[in-house]
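Have a look at the structure below before the remarks.
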Amino acid sequence: MADSPTSRANWVDGGAAPTEVRGPRVGRTSPVHSCRHCGAPLKTDAARESGFCCSGCSYVFRLVHEEGLEGYYKIRDSVVAPVDQTVFQPRDFSWLAELQRAAEAPAPSGLISNNPELTLEVQGISCAGCVWLIEKIFHKHAGALFIETDAQLGRMRFRWARGQFDATEFARALQSFNYLVGPPGEEPAVPESKFLVRRVGLCAAFAMNIMLFALPAYFGMERTFAYAGLFDTLAMACATLSVLAGGTYFIGRAARALRDRVMHIDLPIAVGIVGSYGGSIYGWLTGNHSIVYFDFVGTFIVLMLVGRWAQVVAVERNRRRLLTTNARPQKVSVDTPRGAVDRPVEELAVGDTYSVRSGQVVPVESQLESTAATLGTAWISGEADPREVRAGARVQSGALNLGRGSIRLRALQPWHASLLAQLLRPTGRDQFRHRLLERVVTGYLVGIFVAAAVTAIGWWVTTRDVALTWSAVTAVLVVSCPCAIGLAYPLADEMATVALRRFGVFVRENDLFPRLTRIRKIVFDKTGTLTLETPVLANPEALHGLAAPARVALFALVRDNPHPISQCLNENLLADGLVNALEPAAGDVREETGYGVGLRTEFGLWSLGRPGWLGRTACRPLDDKATGTHDTEFACDGVVLARFKFTDSVRPGAREEIAALRAAGFETFILSGDRREKVAAMADGLAIPASNAIAQASPTEKAQWLQQTDRQDTLMLGDGANDSLAFDAAFVRGTPVVHRGVLEGKADFYYLGRGLDGLRRMFSVNHTRRRTQLVLIVFSVAYNCTTVTLAALGHMNPLIAAVIMPASSLLSLFIVGVGMRRWAKR
């Protein structure tokens, strides 16, 4: 029997209520300094007290323990990515249900496979712990048989028992643990790091064999020894194989760079390999063992390959965390004389009537045929507030259906002519030329060739002996190995990439760091970049004061609802454990577009929406334009149980971070499509000059403004499709949103978490990296001047070269390690 309105009104903290059932809470007795889930440093007292950097990490940490999967924390990396807000947001998996139906369908021959199989992409894999967790989640589902997860490619392959497994439920379970699945797309190319690992393995084996055959000579083996010639031949063969397996990697890249007239870092490496190998072959053929450096050749190639692998694998690891599929809208249901038919958006024709599901994007400019609709345009125009439209209204391409049900529209344009198609069109970008490194490489090559030429002339003039002259020249080419450039430079980049990952910044492009050195202007989009994706609940105590039945009903009203206010309440309910282990209330949720949603249960009619929306006479707007707040009432049978207040809040610490960026010499801008008064208010709150706040800019106008402003010194930060054209025009681009499939594929870096402090850390670590590399250049010049002088004077032999080359490599690595660790300590 339903309770009376009076008792219902008492379903707040302190009143009589049914027994409350809460999910287990994981508390702490003392503050901590790194997030208990992701390991990121905690920057505020509140975060240190809670032990989590964000609500997402708190939610996933609790979920892991509730499911008995705490073993994940024993095998994961010490630092993983913070949890993205997508764990709280509804996601359309209709494409996955279609793939499962196709996998279970009988073959044309009529044969039925016992165990259907699917291959999907997975976003969010970062370590072996993630692979373990995904497999454990899979086997918790009925019908699960086999799963294989490739962390390097970010893909999983799984099989299940026909009719007993729900792939959509599995995908939703993964999403709740911060893993997003997507269609398999094209078969991925084998990562470059995998090829490099194979080369490293082969060349390391060859190098060890060369040393095995060279050591007897160093320990006093006479040349008259019966097997001396065989040892030399075997060392030559292993060195040749090492050049073929690993040296050709650098030689080929150097040749392509010369064709493009670029002084690439691989040029000095190729010169070192060719010079030392060529000289050694000459010495082996002529019997002049003083210029045979096969052991040097093998070791040098291994070191250079290891340095390159370290640089490549760090960036590849960040790339594979993301789905490769783009944000092109899914199929839409088009009305035909034969009934509704699902068609790709490319087949939409002018005049077609079609349906768009809840949370789906309107692909082309259309006219609304339904009675009313609630649309979100934040990611396509930058306007944060949802729009209520009525039948006959024009709906722009890219608008998001925020209602719980489908809406019907009539297409006014084909896909190829739509704004969304233009914004999602892929674009390429030329690799940035690192001028400083090119000057270093040029100086190195000129210096070495001049030194070799002077040595050759000097020895020929004084001795007239071809063998002695060639021996001295070979020694010069051998000892002038570019270890600092070929090994330590890439290692510094790799250490910088790993250091940034600890603070939630993920580098996607190898040329990001040299680009950052030129940055003087930082341009922020407003909605979703400076602000969070959803409004902020200003009075969470109203939510905590609700009794268990009320929270269950509220969870049913907001779950799987794409409206920003519903998403905010859903996040708070889950993150705070208020509905943990509670199922949504039974019953159908009904929506009245523009007003709210309702649900009838055994306790009565629950409603969430505009203040007074059920009575209508007292109905007030959801938002207050003057204060920027939104009011939403939660009631049961007309009795208000809670009145929630929401605000559009900037990211935590945004004002302090922007002030610090300006103090560091950067000029900051806001470039937004939102209303002028909202952009001006945010600029004022962040102390950004009014002249630097551009509002109501269309995607094309954003791109034009950047083209006029950029002097290869502009960093653009955005999150939506309306920033896509501006991204193409920016010198450096980054995004805080990686679940939409739009900008993350274009970005040079992406950053996760709720704050902006990763930006300052990115510039800081780049400054340290650059200073460390300058120290390396000084060391390299001093080393080469010393060793080349000794070689030119004839004081160099294979044994000395075999000792000083690894010694110089170790010194280079020591310089990098000390330089980068200083930043970490600071």
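Every chain in the structure tokens has a letter given in the order shown (A, B, ...), and although residue numbers restart at 1 in each chain, ligands are simply numbered from 1 in the order shown.
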Segment 484-559 of chain A residues near segment 298-312 of chain A within 10 Å, closest pair each, using only C-alpha atoms, as a Markdown table:
| residue | atom | partner | partner_atom | distance |
| --- | --- | --- | --- | --- |
| A:Ala484 | CA | A:Met304 | CA | 9.9 |
| A:Ile485 | CA | A:Met304 | CA | 9.3 |
| A:Gly486 | CA | A:Met304 | CA | 5.6 |
| A:Leu487 | CA | A:Gly307 | CA | 4.5 |
| A:Ala488 | CA | A:Gly307 | CA | 7.0 |
| A:Tyr489 | CA | A:Gly307 | CA | 8.1 |
| A:Pro490 | CA | A:Gln311 | CA | 5.2 |
| A:Leu491 | CA | A:Gly307 | CA | 5.9 |
| A:Ala492 | CA | A:Gln311 | CA | 8.3 |
| A:Asp493 | CA | A:Gln311 | CA | 6.3 |
| A:Glu494 | CA | A:Gln311 | CA | 4.8 |
| A:Met495 | CA | A:Gln311 | CA | 8.5 |
| A:Ala496 | CA | A:Gln311 | CA | 9.9 |
| A:Thr497 | CA | A:Gln311 | CA | 8.6 |
| A:Glu509 | CA | A:Val312 | CA | 9.7 |
| A:Asn510 | CA | A:Val312 | CA | 7.8 |
*Identify, with DSSP run on backbone atoms, the residues in segment 640-799 of chain A assigned to alpha helix (DSSP H), and express the list as a VMD selection string.*
chain A and resid 654 to 663 676 to 685 699 to 709 724 to 729 757 to 792 798 to 799
*Distance of atom CA of Leu322 of chain A from atom CA of Gly745 of chain A, expressed in Å to one decimal place*: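 The value is 8.3 Å.
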*asked:* So that I can check the surroundings of segment 779-790 of chain A, please list as a VMD selection string every protein, DNA and RNA residue that reaches within 7 Å of it, counting only C-alpha atoms and ignoring chain neighbours fewer than 4 positions away.
replied: chain A and resid 476 479 to 480 484 775 794 to 796
Just the selected residues (C-alpha atoms), exported as a PDB file, in the first residue's frame, please.
ATOM      1  CA  VAL A 476      87.491   8.907 -36.659  1.00  0.00           C
ATOM      2  CA  VAL A 479      84.584   6.943 -32.310  1.00  0.00           C
ATOM      3  CA  SER A 480      82.388   9.873 -33.334  1.00  0.00           C
ATOM      4  CA  ALA A 484      73.801  11.269 -27.369  1.00  0.00           C
ATOM      5  CA  VAL A 775      73.324  19.476 -21.823  1.00  0.00           C
ATOM      6  CA  GLY A 794      96.482   7.526 -34.344  1.00  0.00           C
ATOM      7  CA  HIS A 795      95.883   6.711 -30.681  1.00  0.00           C
ATOM      8  CA  MET A 796      92.688   4.730 -31.243  1.00  0.00           C
TER       9      MET A 796
END
*For Thr427 of chain A, list every protein, DNA or RNA residue within 12 Å, evaluated using only C-alpha atoms, and leave out those in the same chain fewer than 2 positions away; present the list as a PyMOL selection string.*
chain A and resi 422-425+429-430+724-729+742-743+745-747
Output file for the selection above: C-alpha atoms, as a PDB file, in the first residue's frame:
ATOM      1  CA  GLN A 422      32.304  18.666 -42.996  1.00  0.00           C
ATOM      2  CA  LEU A 423      33.439  18.692 -39.367  1.00  0.00           C
ATOM      3  CA  LEU A 424      34.110  14.944 -39.280  1.00  0.00           C
ATOM      4  CA  ARG A 425      36.067  14.887 -42.556  1.00  0.00           C
ATOM      5  CA  ARG A 429      49.129  17.333 -41.302  1.00  0.00           C
ATOM      6  CA  ASP A 430      52.782  17.591 -42.223  1.00  0.00           C
ATOM      7  CA  SER A 724      37.231  20.336 -35.539  1.00  0.00           C
ATOM      8  CA  LEU A 725      38.019  22.985 -38.168  1.00  0.00           C
ATOM      9  CA  ALA A 726      39.841  25.094 -35.581  1.00  0.00           C
ATOM     10  CA  PHE A 727      41.923  22.026 -34.715  1.00  0.00           C
ATOM     11  CA  ASP A 728      42.976  21.760 -38.336  1.00  0.00           C
ATOM     12  CA  ALA A 729      44.205  25.362 -38.243  1.00  0.00           C
ATOM     13  CA  VAL A 742      35.948  13.368 -33.105  1.00  0.00           C
ATOM     14  CA  LEU A 743      38.965  15.308 -31.861  1.00  0.00           C
ATOM     15  CA  GLY A 745      42.141  11.313 -33.521  1.00  0.00           C
ATOM     16  CA  LYS A 746      43.402  14.772 -34.507  1.00  0.00           C
ATOM     17  CA  ALA A 747      44.891  15.777 -31.174  1.00  0.00           C
TER      18      ALA A 747
END
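Around segment 125-137 of chain A, within 6 Å and counting only C-alpha atoms, the residues found are Tyr72, Ile75, Arg76 and Arg321 of chain A, once anything fewer than 6 positions away on its own chain is removed.
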Just-selected residues, N, CA, C and O atoms written as a tab-separated table (two decimals), in the first residue's frame:
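Resulting contents of selection.tsv:
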chain	number	residue	atom	x	y	z
A	72	TYR	N	43.09	-6.69	-9.04
A	72	TYR	CA	43.52	-5.77	-10.11
A	72	TYR	C	44.59	-4.81	-9.61
A	72	TYR	O	45.56	-4.50	-10.33
A	75	ILE	N	48.34	-6.00	-9.69
A	75	ILE	CA	49.08	-6.24	-10.93
A	75	ILE	C	49.02	-5.07	-11.90
A	75	ILE	O	49.71	-5.09	-12.91
A	76	ARG	N	48.22	-4.05	-11.61
A	76	ARG	CA	48.19	-2.89	-12.51
A	76	ARG	C	49.46	-2.08	-12.37
A	76	ARG	O	50.23	-2.24	-11.42
A	321	ARG	N	45.16	3.48	-26.45
A	321	ARG	CA	44.11	3.62	-25.44
A	321	ARG	C	42.81	4.09	-26.06
A	321	ARG	O	41.76	4.01	-25.43
*Compare A:Asp576, A:Asp150, A:Asp77, A:Glu98 by their minimum atom-to-atom distance to Arg501 of chain A, counting only C-alpha atoms, and give me the closest one.*
A:Asp77
*asked:* Give me the residues near Met236 of chain A as a list in words, where near means some atom within 8 Å (using only C-alpha atoms) and where sequence neighbours in that chain fewer than 3 positions away do not count.
replied: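 Returned residues: Ile210, Asp232, Thr233, Ala239, Thr240, Ile281, Trp284 and Phe294 of chain A.
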*DSSP on the backbone, then: every residue of segment 471-557 of chain A marked strand (DSSP E or B), written as an MDAnalysis selection string.*
chainID A and resid 505:507 521:524 531 536:537 546
Please produce an output containing all heavy atoms for each residue in the selection, written as a PDB file, in the first residue's frame.
ATOM      1  N   VAL A 505      48.220  13.322 -18.684  1.00  0.00           N
ATOM      2  CA  VAL A 505      48.444  13.907 -20.008  1.00  0.00           C
ATOM      3  C   VAL A 505      49.079  12.830 -20.885  1.00  0.00           C
ATOM      4  O   VAL A 505      50.102  12.248 -20.524  1.00  0.00           O
ATOM      5  CB  VAL A 505      49.357  15.141 -19.941  1.00  0.00           C
ATOM      6  CG1 VAL A 505      49.581  15.717 -21.334  1.00  0.00           C
ATOM      7  CG2 VAL A 505      48.760  16.198 -19.029  1.00  0.00           C
ATOM      8  N   PHE A 506      48.477  12.581 -22.055  1.00  0.00           N
ATOM      9  CA  PHE A 506      48.904  11.482 -22.919  1.00  0.00           C
ATOM     10  C   PHE A 506      49.328  12.038 -24.277  1.00  0.00           C
ATOM     11  O   PHE A 506      48.528  12.634 -25.001  1.00  0.00           O
ATOM     12  CB  PHE A 506      47.766  10.471 -23.090  1.00  0.00           C
ATOM     13  CG  PHE A 506      47.363   9.811 -21.802  1.00  0.00           C
ATOM     14  CD1 PHE A 506      46.500  10.447 -20.917  1.00  0.00           C
ATOM     15  CD2 PHE A 506      47.860   8.575 -21.459  1.00  0.00           C
ATOM     16  CE1 PHE A 506      46.129   9.849 -19.722  1.00  0.00           C
ATOM     17  CE2 PHE A 506      47.498   7.974 -20.259  1.00  0.00           C
ATOM     18  CZ  PHE A 506      46.639   8.606 -19.392  1.00  0.00           C
ATOM     19  N   VAL A 507      50.584  11.822 -24.616  1.00  0.00           N
ATOM     20  CA  VAL A 507      51.152  12.329 -25.875  1.00  0.00           C
ATOM     21  C   VAL A 507      50.798  11.372 -27.001  1.00  0.00           C
ATOM     22  O   VAL A 507      51.020  10.160 -26.899  1.00  0.00           O
ATOM     23  CB  VAL A 507      52.682  12.466 -25.753  1.00  0.00           C
ATOM     24  CG1 VAL A 507      53.278  12.944 -27.075  1.00  0.00           C
ATOM     25  CG2 VAL A 507      53.036  13.423 -24.624  1.00  0.00           C
ATOM     26  N   LYS A 521      50.559  31.296 -27.373  1.00  0.00           N
ATOM     27  CA  LYS A 521      49.131  31.571 -27.177  1.00  0.00           C
ATOM     28  C   LYS A 521      48.411  30.254 -26.895  1.00  0.00           C
ATOM     29  O   LYS A 521      48.663  29.254 -27.568  1.00  0.00           O
ATOM     30  CB  LYS A 521      48.513  32.229 -28.413  1.00  0.00           C
ATOM     31  CG  LYS A 521      49.238  33.466 -28.931  1.00  0.00           C
ATOM     32  CD  LYS A 521      48.479  34.066 -30.113  1.00  0.00           C
ATOM     33  CE  LYS A 521      49.302  35.105 -30.845  1.00  0.00           C
ATOM     34  NZ  LYS A 521      50.305  34.485 -31.746  1.00  0.00           N
ATOM     35  N   ILE A 522      47.507  30.278 -25.912  1.00  0.00           N
ATOM     36  CA  ILE A 522      46.697  29.104 -25.576  1.00  0.00           C
ATOM     37  C   ILE A 522      45.233  29.496 -25.719  1.00  0.00           C
ATOM     38  O   ILE A 522      44.759  30.427 -25.066  1.00  0.00           O
ATOM     39  CB  ILE A 522      46.986  28.612 -24.150  1.00  0.00           C
ATOM     40  CG1 ILE A 522      48.475  28.274 -24.009  1.00  0.00           C
ATOM     41  CG2 ILE A 522      46.139  27.390 -23.829  1.00  0.00           C
ATOM     42  CD1 ILE A 522      48.864  27.827 -22.622  1.00  0.00           C
ATOM     43  N   VAL A 523      44.515  28.785 -26.583  1.00  0.00           N
ATOM     44  CA  VAL A 523      43.121  29.101 -26.904  1.00  0.00           C
ATOM     45  C   VAL A 523      42.232  27.994 -26.336  1.00  0.00           C
ATOM     46  O   VAL A 523      42.401  26.820 -26.663  1.00  0.00           O
ATOM     47  CB  VAL A 523      42.920  29.217 -28.425  1.00  0.00           C
ATOM     48  CG1 VAL A 523      41.476  29.589 -28.743  1.00  0.00           C
ATOM     49  CG2 VAL A 523      43.881  30.236 -29.018  1.00  0.00           C
ATOM     50  N   PHE A 524      41.297  28.382 -25.479  1.00  0.00           N
ATOM     51  CA  PHE A 524      40.375  27.433 -24.852  1.00  0.00           C
ATOM     52  C   PHE A 524      38.997  27.544 -25.479  1.00  0.00           C
ATOM     53  O   PHE A 524      38.463  28.648 -25.638  1.00  0.00           O
ATOM     54  CB  PHE A 524      40.221  27.722 -23.356  1.00  0.00           C
ATOM     55  CG  PHE A 524      41.468  27.526 -22.536  1.00  0.00           C
ATOM     56  CD1 PHE A 524      42.336  28.588 -22.315  1.00  0.00           C
ATOM     57  CD2 PHE A 524      41.773  26.301 -21.981  1.00  0.00           C
ATOM     58  CE1 PHE A 524      43.475  28.432 -21.549  1.00  0.00           C
ATOM     59  CE2 PHE A 524      42.905  26.127 -21.208  1.00  0.00           C
ATOM     60  CZ  PHE A 524      43.768  27.195 -20.998  1.00  0.00           C
ATOM     61  N   THR A 531      34.770  24.264 -18.930  1.00  0.00           N
ATOM     62  CA  THR A 531      33.752  23.747 -18.008  1.00  0.00           C
ATOM     63  C   THR A 531      33.729  22.225 -18.093  1.00  0.00           C
ATOM     64  O   THR A 531      34.340  21.626 -18.979  1.00  0.00           O
ATOM     65  CB  THR A 531      32.357  24.284 -18.356  1.00  0.00           C
ATOM     66  OG1 THR A 531      31.954  23.753 -19.637  1.00  0.00           O
ATOM     67  CG2 THR A 531      32.355  25.790 -18.423  1.00  0.00           C
ATOM     68  N   VAL A 536      27.069  21.092 -12.442  1.00  0.00           N
ATOM     69  CA  VAL A 536      27.522  20.673 -11.112  1.00  0.00           C
ATOM     70  C   VAL A 536      26.370  20.827 -10.134  1.00  0.00           C
ATOM     71  O   VAL A 536      25.684  21.856 -10.116  1.00  0.00           O
ATOM     72  CB  VAL A 536      28.731  21.516 -10.653  1.00  0.00           C
ATOM     73  CG1 VAL A 536      29.116  21.165  -9.220  1.00  0.00           C
ATOM     74  CG2 VAL A 536      29.899  21.304 -11.594  1.00  0.00           C
ATOM     75  N   LEU A 537      26.132  19.803  -9.315  1.00  0.00           N
ATOM     76  CA  LEU A 537      25.083  19.849  -8.294  1.00  0.00           C
ATOM     77  C   LEU A 537      25.557  20.757  -7.163  1.00  0.00           C
ATOM     78  O   LEU A 537      26.537  20.448  -6.478  1.00  0.00           O
ATOM     79  CB  LEU A 537      24.784  18.441  -7.779  1.00  0.00           C
ATOM     80  CG  LEU A 537      23.682  18.325  -6.720  1.00  0.00           C
ATOM     81  CD1 LEU A 537      22.346  18.808  -7.273  1.00  0.00           C
ATOM     82  CD2 LEU A 537      23.572  16.874  -6.241  1.00  0.00           C
ATOM     83  N   LEU A 546      17.794  12.100   0.887  1.00  0.00           N
ATOM     84  CA  LEU A 546      16.698  11.246   0.450  1.00  0.00           C
ATOM     85  C   LEU A 546      16.831   9.847   1.031  1.00  0.00           C
ATOM     86  O   LEU A 546      17.935   9.323   1.197  1.00  0.00           O
ATOM     87  CB  LEU A 546      16.687  11.151  -1.081  1.00  0.00           C
ATOM     88  CG  LEU A 546      16.389  12.446  -1.840  1.00  0.00           C
ATOM     89  CD1 LEU A 546      16.579  12.227  -3.335  1.00  0.00           C
ATOM     90  CD2 LEU A 546      14.970  12.922  -1.556  1.00  0.00           C
TER      91      LEU A 546
END
*Give me the residues within 12 Å of Ile448 of chain A as a ChimeraX atom specification, counting only C-alpha atoms and dropping any in the same chain fewer than 2 places off.*
/A:268,271-272,275,441-446,450-455,473-482,781,784-785,787-789,791-792
*Which residue gives the smallest distance to Gly504 of chain A among A:Gly201, A:Pro363, A:Gly673, A:Pro41, with only C-alpha atoms counted?*
A:Pro41
*In terms of the shortest atom-to-atom distance over only C-alpha atoms, which of A:Thr668, A:Ser290, A:Ser607, A:Ser397 is closest to Ile688 of chain A?*
A:Thr668
*Work out how far apart atom CA of Ser418 of chain A and atom CA of Asn722 of chain A are and give it in Å to one decimal.*
12.9 Å
